[in-house]
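Trainee: This is model-v5.pdb (PDB, C-alpha atoms).
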ATOM      1  CA  MET O   1      21.117  60.446  -5.426
ATOM      2  CA  LYS O   2      23.615  58.741  -3.101
ATOM      3  CA  ALA O   3      21.470  59.505  -0.034
ATOM      4  CA  PHE O   4      18.428  58.040  -1.782
ATOM      5  CA  ARG O   5      20.359  54.786  -2.552
ATOM      6  CA  ASN O   6      21.562  54.535   1.082
ATOM      7  CA  GLN O   7      17.922  54.492   2.218
ATOM      8  CA  ILE O   8      16.554  52.103  -0.439
ATOM      9  CA  VAL O   9      19.137  49.294  -0.189
ATOM     10  CA  PRO O  10      18.712  48.669   3.579
ATOM     11  CA  GLY O  11      14.926  48.852   3.120
ATOM     12  CA  VAL O  12      14.962  46.228   0.331
ATOM     13  CA  ILE O  13      17.228  43.951   2.377
ATOM     14  CA  GLY O  14      14.965  44.302   5.410
ATOM     15  CA  LEU O  15      11.881  43.580   3.299
ATOM     16  CA  GLY O  16      13.589  40.471   1.851
ATOM     17  CA  ILE O  17      14.436  39.179   5.319
ATOM     18  CA  MET O  18      10.858  39.742   6.522
ATOM     19  CA  LEU O  19       9.476  37.933   3.450
ATOM     20  CA  ALA O  20      11.822  34.980   4.018
ATOM     21  CA  LEU O  21      10.739  34.747   7.676
ATOM     22  CA  LEU O  22       7.066  34.933   6.691
ATOM     23  CA  ILE O  23       7.496  32.065   4.199
ATOM     24  CA  LEU O  24       9.382  30.011   6.782
ATOM     25  CA  VAL O  25       6.720  30.529   9.457
ATOM     26  CA  CYS O  26       3.873  29.743   7.043
ATOM     27  CA  GLY O  27       5.636  26.577   5.906
ATOM     28  CA  CYS O  28       5.991  25.374   9.496
ATOM     29  CA  THR O  29       2.249  25.484  10.149
ATOM     30  CA  GLN O  30       1.124  23.400   7.171
ATOM     31  CA  GLN O  31       1.347  19.677   6.582
ATOM     32  CA  SER O  32       4.125  18.555   4.320
ATOM     33  CA  ALA O  33       3.231  17.654   0.758
ATOM     34  CA  ILE O  34       6.052  15.108   0.694
ATOM     35  CA  PRO O  35       4.999  11.591   1.749
ATOM     36  CA  ALA O  36       6.794  10.063   4.708
ATOM     37  CA  PRO O  37       9.531   7.575   3.823
ATOM     38  CA  ALA O  38       8.240   4.096   3.148
ATOM     39  CA  GLN O  39       8.620   1.400   5.712
ATOM     40  CA  THR O  40       9.145  -2.214   4.853
ATOM     41  CA  THR O  41       6.995  -3.564   7.649
ATOM     42  CA  VAL O  42       3.412  -4.310   6.758
ATOM     43  CA  THR O  43       0.648  -4.595   9.290
ATOM     44  CA  THR O  44      -2.889  -5.708   8.659
ATOM     45  CA  PRO O  45      -5.774  -5.859  11.109
ATOM     46  CA  PRO O  46      -6.379  -9.289  12.671
ATOM     47  CA  SER O  47      -8.454 -11.668  10.517
ATOM     48  CA  ALA O  48     -11.548 -11.149  12.659
ATOM     49  CA  VAL O  49     -11.553  -7.413  11.861
ATOM     50  CA  VAL O  50     -10.975  -7.646   8.098
ATOM     51  CA  THR O  51     -14.101  -7.053   6.026
ATOM     52  CA  THR O  52     -14.256  -9.854   3.517
ATOM     53  CA  PRO O  53     -16.187 -10.008   0.267
ATOM     54  CA  THR O  54     -19.093 -12.439   0.393
ATOM     55  CA  MET O  55     -20.080 -15.157  -2.012
ATOM     56  CA  ALA O  56     -23.460 -15.201  -3.781
ATOM     57  CA  GLU O  57     -24.785 -17.830  -1.350
ATOM     58  CA  GLY O  58     -24.207 -15.425   1.544
ATOM     59  CA  LYS O  59     -21.304 -17.388   3.039
ATOM     60  CA  LYS O  60     -18.167 -15.517   4.105
ATOM     61  CA  MET O  61     -15.240 -15.975   1.778
ATOM     62  CA  PHE O  62     -12.102 -17.539   3.279
ATOM     63  CA  THR O  63      -9.555 -14.728   3.659
ATOM     64  CA  PHE O  64      -5.788 -14.846   4.150
ATOM     65  CA  THR O  65      -4.293 -11.799   5.933
ATOM     66  CA  GLU O  66      -0.829 -10.712   7.093
ATOM     67  CA  ALA O  67      -1.356 -12.876  10.184
ATOM     68  CA  ASP O  68      -1.477 -15.912   7.860
ATOM     69  CA  ASN O  69       1.895 -15.216   6.186
ATOM     70  CA  GLY O  70       3.639 -18.540   5.540
ATOM     71  CA  GLY O  71       0.489 -20.444   6.487
ATOM     72  CA  SER O  72      -1.768 -22.732   4.535
ATOM     73  CA  GLY O  73      -5.425 -23.456   4.017
ATOM     74  CA  ASN O  74      -7.697 -25.960   2.325
ATOM     75  CA  ILE O  75      -9.971 -24.477  -0.329
ATOM     76  CA  THR O  76     -12.633 -26.415  -2.238
ATOM     77  CA  GLN O  77     -12.084 -26.563  -5.992
ATOM     78  CA  ASN O  78     -13.815 -23.770  -7.985
ATOM     79  CA  THR O  79     -14.296 -21.730  -4.806
ATOM     80  CA  ARG O  80     -13.203 -18.122  -4.400
ATOM     81  CA  PHE O  81     -10.943 -16.926  -1.589
ATOM     82  CA  ALA O  82      -9.273 -13.611  -0.803
ATOM     83  CA  VAL O  83      -5.853 -12.344   0.225
ATOM     84  CA  VAL O  84      -5.919  -8.964   2.030
ATOM     85  CA  LEU O  85      -2.701  -7.019   2.752
ATOM     86  CA  ALA O  86      -1.849  -3.457   3.772
ATOM     87  CA  GLU O  87      -0.348  -1.378   0.953
ATOM     88  CA  ASN O  88       0.758   2.245   0.484
ATOM     89  CA  PRO O  89       1.246   3.040  -3.211
ATOM     90  CA  THR O  90       1.699   6.763  -2.423
ATOM     91  CA  THR O  91       5.222   5.815  -1.324
ATOM     92  CA  GLY O  92       5.823   3.788  -4.484
ATOM     93  CA  PHE O  93       5.537   0.475  -2.639
ATOM     94  CA  THR O  94       3.073  -2.036  -4.059
ATOM     95  CA  TRP O  95       2.565  -5.780  -3.821
ATOM     96  CA  ASN O  96       3.693  -7.761  -6.874
ATOM     97  CA  GLU O  97       1.792 -11.044  -6.703
ATOM     98  CA  THR O  98       2.498 -14.434  -8.244
ATOM     99  CA  LEU O  99      -0.031 -17.266  -8.440
ATOM    100  CA  SER O 100       0.667 -20.876  -9.274
ATOM    101  CA  ALA O 101      -0.986 -22.236 -12.417
ATOM    102  CA  GLY O 102      -3.937 -23.801 -10.553
ATOM    103  CA  LEU O 103      -5.105 -20.443  -9.170
ATOM    104  CA  GLU O 104      -6.957 -17.841 -11.222
ATOM    105  CA  LEU O 105      -6.916 -14.156 -10.326
ATOM    106  CA  GLN O 106     -10.474 -12.841 -10.454
ATOM    107  CA  SER O 107      -9.802  -9.285  -9.223
ATOM    108  CA  SER O 108      -7.266  -7.038  -7.527
ATOM    109  CA  ASP O 109      -8.597  -3.975  -5.726
ATOM    110  CA  TYR O 110      -6.903  -1.229  -3.704
ATOM    111  CA  ARG O 111      -8.888   0.870  -1.216
ATOM    112  CA  GLN O 112      -7.284   3.828   0.535
ATOM    113  CA  ASP O 113      -7.923   4.212   4.262
ATOM    114  CA  ASP O 114      -9.912   7.225   5.455
ATOM    115  CA  ALA O 115      -7.684  10.250   5.945
ATOM    116  CA  PRO O 116      -8.052  13.696   7.475
ATOM    117  CA  THR O 117      -8.535  16.498   4.952
ATOM    118  CA  GLY O 118      -5.258  17.504   3.337
ATOM    119  CA  MET O 119      -3.412  14.410   4.593
ATOM    120  CA  VAL O 120      -1.070  12.861   2.022
ATOM    121  CA  GLY O 121       0.696   9.534   1.936
ATOM    122  CA  VAL O 122      -2.190   7.556   3.413
ATOM    123  CA  GLY O 123      -2.064   3.804   2.945
ATOM    124  CA  GLY O 124      -4.852   1.339   2.451
ATOM    125  CA  THR O 125      -5.620  -2.285   1.701
ATOM    126  CA  ARG O 126      -4.995  -4.459  -1.371
ATOM    127  CA  THR O 127      -7.539  -7.281  -1.837
ATOM    128  CA  TRP O 128      -7.088 -10.073  -4.344
ATOM    129  CA  VAL O 129     -10.006 -12.395  -5.098
ATOM    130  CA  ILE O 130      -8.788 -15.725  -6.443
ATOM    131  CA  VAL O 131     -10.518 -18.866  -7.707
ATOM    132  CA  ALA O 132      -9.042 -22.245  -6.724
ATOM    133  CA  LYS O 133      -9.216 -23.974 -10.120
ATOM    134  CA  ASP O 134      -7.000 -27.062 -10.113
ATOM    135  CA  PRO O 135      -6.809 -29.625  -7.298
ATOM    136  CA  GLY O 136      -3.532 -30.078  -5.465
ATOM    137  CA  ASP O 137      -0.973 -27.842  -3.822
ATOM    138  CA  GLN O 138      -1.060 -24.238  -5.049
ATOM    139  CA  LYS O 139       0.668 -21.068  -3.883
ATOM    140  CA  PHE O 140      -0.011 -17.342  -3.662
ATOM    141  CA  SER O 141       3.078 -15.206  -3.084
ATOM    142  CA  ALA O 142       3.837 -11.487  -3.238
ATOM    143  CA  VAL O 143       6.769  -9.093  -2.843
ATOM    144  CA  TYR O 144       6.288  -5.564  -1.445
ATOM    145  CA  ARG O 145       8.613  -3.261  -3.365
ATOM    146  CA  ARG O 146       9.073  -0.259  -5.594
ATOM    147  CA  SER O 147       8.999  -1.381  -9.223
ATOM    148  CA  TRP O 148      11.888   0.889 -10.272
ATOM    149  CA  GLU O 149      14.296  -0.341  -7.572
ATOM    150  CA  ASN O 150      16.533  -3.374  -7.916
ATOM    151  CA  VAL O 151      15.558  -6.481  -5.979
ATOM    152  CA  THR O 152      17.910  -6.823  -3.002
ATOM    153  CA  GLY O 153      16.501  -9.875  -1.228
ATOM    154  CA  ASN O 154      15.557  -7.742   1.802
ATOM    155  CA  GLU O 155      12.051  -6.936   0.526
ATOM    156  CA  THR O 156       8.963  -7.808   2.569
ATOM    157  CA  THR O 157       7.405 -10.986   1.228
ATOM    158  CA  TYR O 158       4.151 -12.841   1.741
ATOM    159  CA  SER O 159       3.147 -16.399   0.914
ATOM    160  CA  ALA O 160       0.171 -18.657   1.458
ATOM    161  CA  ASN O 161       0.041 -22.334   0.575
ATOM    162  CA  ILE O 162      -3.353 -23.451  -0.708
ATOM    163  CA  ARG O 163      -4.436 -27.078  -0.938
ATOM    164  CA  VAL O 164      -7.252 -27.203  -3.451
ATOM    165  CA  VAL O 165      -9.510 -30.159  -2.638
ATOM    166  CA  GLY O 166     -12.229 -31.675  -4.837
ATOM    167  CA  ALA O 167     -15.824 -30.655  -4.260
TER
END
Could you write out this structure as structure tokens?
Mentor:
Amino acid sequence: MKAFRNQIVPGVIGLGIMLALLILVCGCTQQSAIPAPAQTTVTTPPSAVVTTPTMAEGKKMFTFTEADNGGSGNITQNTRFAVVLAENPTTGFTWNETLSAGLELQSSDYRQDDAPTGMVGVGGTRTWVIVAKDPGDQKFSAVYRRSWENVTGNETTYSANIRVVGA
């Protein structure tokens, strides 16, 4: 019986080591299922490249992008405009927008970018469509953060000043 045990134990240990190595090697050849850590920098394609929703009359809608952060624009009263920013909710980061009382949120839509098969943690684009309701100075602002984390003051922010002018 003792001779039998002396042969089995080293065999089981050897088999365990081979199994561990096999799992390690297999894990090294596959993409990770854990999303990459979030980054606080946000990049959006230049305004000329952004696909903007169109109005019923066929005119292009005025669109604010990351390049317009801190900027301003004149929008005719009761006209729609868009704000388009990069977003990656797979990391927990989303834009939390705030609109002044004279702006009305019509829609908020997230579209994920195309990704290779099996790729995880792919970002996309958040598009808000807003109606300029009340004349005067209005503001769209947003903070890019994880909702469960405390606000530190170091979050990425975005703002656009909108002067709504009469028709």
Trainee: Show me the residues around (1.7, 0.2, -3.6) - criterion: an atom at most 10 Å away, all atoms listed in the file counted - as a list in words.
Mentor: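 Residues with an atom close enough to that point: Ala86, Glu87, Asn88, Pro89, Thr90, Thr91, Gly92, Phe93, Thr94, Trp95, Asn96, Tyr110, Gly123, Gly124, Thr125, Arg126, Tyr144, Arg145, Arg146 and Ser147 of chain O.
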Trainee: Between O:Val164, O:Ile75, O:Met61, O:Val84, single out the one closest to Asp134 (chain O), counting only C-alpha atoms.
Mentor: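 Of O:Val164, O:Ile75, O:Met61, O:Val84, the one nearest Asp134 (chain O), counting only C-alpha atoms, is O:Val164.
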Trainee: Here is a test: counting all atoms listed in the file, which residue of O:Thr98, O:Gln106, O:Arg163, O:Ala82 is nearest to Phe64 (chain O)?
Mentor: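 Of O:Thr98, O:Gln106, O:Arg163, O:Ala82, the one nearest Phe64 (chain O) is O:Ala82, counting all atoms listed in the file.
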Trainee: Using only C-alpha atoms, which of O:Ile130, O:Ser141, O:Asn154, O:Val165 sits nearest Asp68 (chain O)?
Mentor: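 Among the listed residues, O:Ser141 lies closest to Asp68 (chain O).
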Trainee: When you draw a straight line from CA of Ile162 (chain O) to CA of Gly136 (chain O), how long is it in Å?
Mentor: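 Going from CA of Ile162 (chain O) over to CA of Gly136 (chain O), I get 8.2 Å.
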Trainee: Return as a list in words the set of residues that the PyMOL selection byres ((chain O and resi 156) around 6) yields on the displayed structure.
Mentor: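 The output of the PyMOL selection byres ((chain O and resi 156) around 6) on this file is Val143, Tyr144, Glu155 and Thr157 of chain O.
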Trainee: Do a neighbour search on Val83 (chain O) at 10 Å with only C-alpha atoms, toss out local chain neighbours closer than 4 positions, and write the hits as a PyMOL selection string.
Mentor: chain O and resi 52+62-66+68+108+126-130+140-141+159-160
Trainee: Once the PyMOL selection byres ((chain O and resi 131) around 6) has been evaluated on this model, what residues remain selected, and can you format them as a list of chain:residue names?
Mentor: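 With the PyMOL selection byres ((chain O and resi 131) around 6) on this model, the match is O:Asn78, O:Thr79, O:Arg80, O:Leu103, O:Glu104, O:Ile130, O:Ala132, O:Lys133.
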Trainee: To one decimal place, how far is CA of Gly153 (chain O) from CA of Gln112 (chain O) in Å?
Mentor: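 CA of Gln112 (chain O) lies 27.5 Å from CA of Gly153 (chain O).
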Trainee: If you measure from CA of Gln77 (chain O) to CA of Ala167 (chain O), what distance in Å do you get, rounded to one decimal?
Mentor: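 Between CA of Gln77 (chain O) and CA of Ala167 (chain O) the gap works out to 5.8 Å.
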Trainee: From the coordinates supplied, region 99-116 of chain O should be written with C-alpha atoms, as a PDB file, in the first residue's frame.
Mentor:
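After the write, part.pdb holds the following:
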ATOM      1  CA  LEU O  99     -29.697  72.619 -18.441  1.00  0.00           C
ATOM      2  CA  SER O 100     -30.796  76.102 -17.505  1.00  0.00           C
ATOM      3  CA  ALA O 101     -34.547  76.691 -17.286  1.00  0.00           C
ATOM      4  CA  GLY O 102     -34.831  78.135 -20.818  1.00  0.00           C
ATOM      5  CA  LEU O 103     -33.568  74.926 -22.449  1.00  0.00           C
ATOM      6  CA  GLU O 104     -35.676  71.797 -22.869  1.00  0.00           C
ATOM      7  CA  LEU O 105     -34.132  68.350 -23.209  1.00  0.00           C
ATOM      8  CA  GLN O 106     -35.780  66.569 -26.127  1.00  0.00           C
ATOM      9  CA  SER O 107     -33.662  63.387 -26.112  1.00  0.00           C
ATOM     10  CA  SER O 108     -30.479  61.810 -24.793  1.00  0.00           C
ATOM     11  CA  ASP O 109     -29.013  58.937 -26.791  1.00  0.00           C
ATOM     12  CA  TYR O 110     -25.883  56.814 -26.347  1.00  0.00           C
ATOM     13  CA  ARG O 111     -24.383  54.909 -29.288  1.00  0.00           C
ATOM     14  CA  GLN O 112     -21.480  52.522 -28.771  1.00  0.00           C
ATOM     15  CA  ASP O 113     -18.620  52.678 -31.270  1.00  0.00           C
ATOM     16  CA  ASP O 114     -18.009  49.666 -33.508  1.00  0.00           C
ATOM     17  CA  ALA O 115     -15.824  47.088 -31.794  1.00  0.00           C
ATOM     18  CA  PRO O 116     -14.010  43.925 -32.821  1.00  0.00           C
TER      19      PRO O 116
END
